[in-house]
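Here's the structure we're looking at; comments come further down.
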Amino acid sequence: DLGMRAVLDGHWEPYLASLDARGERYAEMGISYGAWLDLIRAYRGNIRDHLRELLEQEPQRNLPSVVLVSHGMDQLLDIAIERIGDTYLAAKQRLVTRAEAKYRAMFGQSPLPMWMFDRDTLRFVMVNEAAIRHYGYTRDEFMAMTIADIRRAEGAFALRENIAHAHDLSAGKTWQHCKKDGTTIAGEFRANDFDLDGRPVRRVLVTDVTDRVRA
């Protein structure tokens, strides 16, 4: 056992490397940090229960061994918690960063217009290239606008009512939008709630169905 060799022989490198690998594996498996700590607590509790039983059976004979094992167990578990915890959190952050980068790439490269807007202010917070091409606004112009600015004026109240009552996934609703050149289009929208840097936003995918509506 690597843990026992580390304590008895001073060979810590293999044991620490195994802890690092375990932290990486837990993060990749999606095991929550809290669940992992619960396992550690349960393991520590089981060992202590076993040592208590040994002590109750033959107190004088087993006391030195119980003290030694208890001390070694606490040392190993404290090291394991710190080492696995640090590696787990670092690996989790790398996975999150990788997932965010992958999502941003997919968002930016989508052939359909997509954007995110702040639920409180209705301001655009992110738009993709397809939205810029389709609506005719530059990215900077989008960032200075709210989603109400691309809606027909008579639909402003309905827009706010819809957003106020929209939660999680909504799909298939059609709205009238205005391009920069004044052209009115019919857009079919799929939207869901999203967290962006700690603030609630709504992510929207647009399909232009103008031709279908006019047919």
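Each chain in the structure tokens gets a letter, A, B and so on, in the order shown; residues start at 1 in every chain, and ligands are counted from 1 in the order they appear.
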Note to self: For the strand (DSSP E) assignment from backbone DSSP, which residues of stretch 52-208 of chain A qualify? Please present them as a ChimeraX atom specification.
What the structure shows: /A:114-118,124-127,170-178,184-196,199-208
Margin query: Can you pull out the residues contacting A:Glu129? Cut-off 9 Å, using only C-alpha atoms, and skip same-chain residues under 5 positions away; I want them as a PyMOL selection string.
Written below: chain A and resi 108-114+134+139
Could the residues in this selection be written to a file with N, CA, C and O atoms, as an mmCIF file, in the first residue's frame?
```cif
data_model
loop_
_atom_site.group_PDB
_atom_site.id
_atom_site.type_symbol
_atom_site.label_atom_id
_atom_site.label_comp_id
_atom_site.auth_asym_id
_atom_site.auth_seq_id
_atom_site.Cartn_x
_atom_site.Cartn_y
_atom_site.Cartn_z
ATOM 1 N N GLY A 108 -19.980 31.159 -31.465
ATOM 2 C CA GLY A 108 -19.491 32.073 -32.477
ATOM 3 C C GLY A 108 -19.607 31.537 -33.883
ATOM 4 O O GLY A 108 -19.802 32.290 -34.839
ATOM 5 N N GLN A 109 -19.502 30.204 -34.038
ATOM 6 C CA GLN A 109 -19.495 29.600 -35.358
ATOM 7 C C GLN A 109 -20.859 29.089 -35.815
ATOM 8 O O GLN A 109 -20.977 28.543 -36.917
ATOM 9 N N SER A 110 -21.879 29.266 -34.995
ATOM 10 C CA SER A 110 -23.211 28.803 -35.374
ATOM 11 C C SER A 110 -23.665 29.494 -36.659
ATOM 12 O O SER A 110 -23.525 30.707 -36.804
ATOM 13 N N PRO A 111 -24.231 28.745 -37.611
ATOM 14 C CA PRO A 111 -24.715 29.368 -38.848
ATOM 15 C C PRO A 111 -25.996 30.175 -38.642
ATOM 16 O O PRO A 111 -26.395 30.946 -39.525
ATOM 17 N N LEU A 112 -26.660 29.985 -37.495
ATOM 18 C CA LEU A 112 -27.879 30.720 -37.184
ATOM 19 C C LEU A 112 -27.577 31.849 -36.202
ATOM 20 O O LEU A 112 -26.684 31.722 -35.354
ATOM 21 N N PRO A 113 -28.312 32.965 -36.310
ATOM 22 C CA PRO A 113 -28.101 34.065 -35.363
ATOM 23 C C PRO A 113 -28.322 33.609 -33.919
ATOM 24 O O PRO A 113 -29.296 32.914 -33.624
ATOM 25 N N MET A 114 -27.410 33.993 -33.061
ATOM 26 C CA MET A 114 -27.523 33.701 -31.637
ATOM 27 C C MET A 114 -27.074 34.922 -30.859
ATOM 28 O O MET A 114 -26.190 35.659 -31.294
ATOM 29 N N HIS A 134 -26.837 38.847 -40.367
ATOM 30 C CA HIS A 134 -28.258 38.775 -40.697
ATOM 31 C C HIS A 134 -28.995 40.075 -40.383
ATOM 32 O O HIS A 134 -29.885 40.485 -41.150
ATOM 33 N N ARG A 139 -21.016 44.648 -34.143
ATOM 34 C CA ARG A 139 -20.991 44.116 -32.778
ATOM 35 C C ARG A 139 -21.110 45.247 -31.754
ATOM 36 O O ARG A 139 -21.840 45.124 -30.767
#
```
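Residues in contact range of stretch 66-70 of chain A, defined as at most 12 Å between only C-alpha atoms, with sequence neighbours fewer than 4 positions away removed, read Met4, Val7, Leu8, Arg44, Gly45, Asn46, Ile47, Arg48, Asp49, His50, Leu51, Arg52, Glu53, Leu54, Leu55, Glu56, Gln57, Glu58, Pro59, Gln60, Arg61, Asn62, Asp74, Gln75, Leu76 and Leu77 of chain A.
Nearest residue to A:Lys92, choosing from A:Lys179, A:Arg25, A:Arg190, A:Arg199 and counting only C-alpha atoms: A:Arg25.
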Next item on the list: Check stretch 91-165 of chain A with DSSP on the backbone and list each residue it calls alpha helix (DSSP H), as a PyMOL selection string.
Entry: chain A and resi 91-109+129-135+139-143+156-165
Check: Please, what distance in Å, to one decimal, runs between atom CA of A:Ile163 and atom CA of A:Thr210?
Finding: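 Separation of atom CA of A:Ile163 and atom CA of A:Thr210: 22.6 Å.
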Checklist line | Test item: residues at most 10 Å from A:Arg83, only C-alpha atoms, excluding those fewer than 5 positions along its chain, as JSON, numbers by chain | finding: {"A": [16, 17, 18, 19, 20, 22, 23, 77, 78, 88]}
Near A:Asp208, within 8 Å and counting only C-alpha atoms, which residues show up once chain neighbours fewer than 2 positions away are dropped, as a compact mmCIF listing (two decimals) with N, CA and C atoms, in the first residue's frame?
```txt
# COMPACT_ATOMS: atom_id res chain seq x y z
N ILE A 185 -38.62 41.18 -40.33
CA ILE A 185 -38.54 39.75 -40.55
C ILE A 185 -39.32 39.03 -39.45
N ALA A 186 -39.71 37.81 -39.74
CA ALA A 186 -40.34 36.95 -38.73
C ALA A 186 -39.29 35.96 -38.25
N GLY A 187 -39.08 35.94 -36.96
CA GLY A 187 -38.08 35.04 -36.39
C GLY A 187 -38.71 34.05 -35.44
N GLU A 188 -38.31 32.79 -35.57
CA GLU A 188 -38.74 31.75 -34.63
C GLU A 188 -37.63 31.56 -33.62
N VAL A 206 -32.07 32.07 -33.23
CA VAL A 206 -33.09 32.62 -34.13
C VAL A 206 -33.08 31.88 -35.47
N THR A 210 -39.44 34.13 -42.27
CA THR A 210 -40.22 35.14 -42.99
C THR A 210 -40.89 34.54 -44.21
```
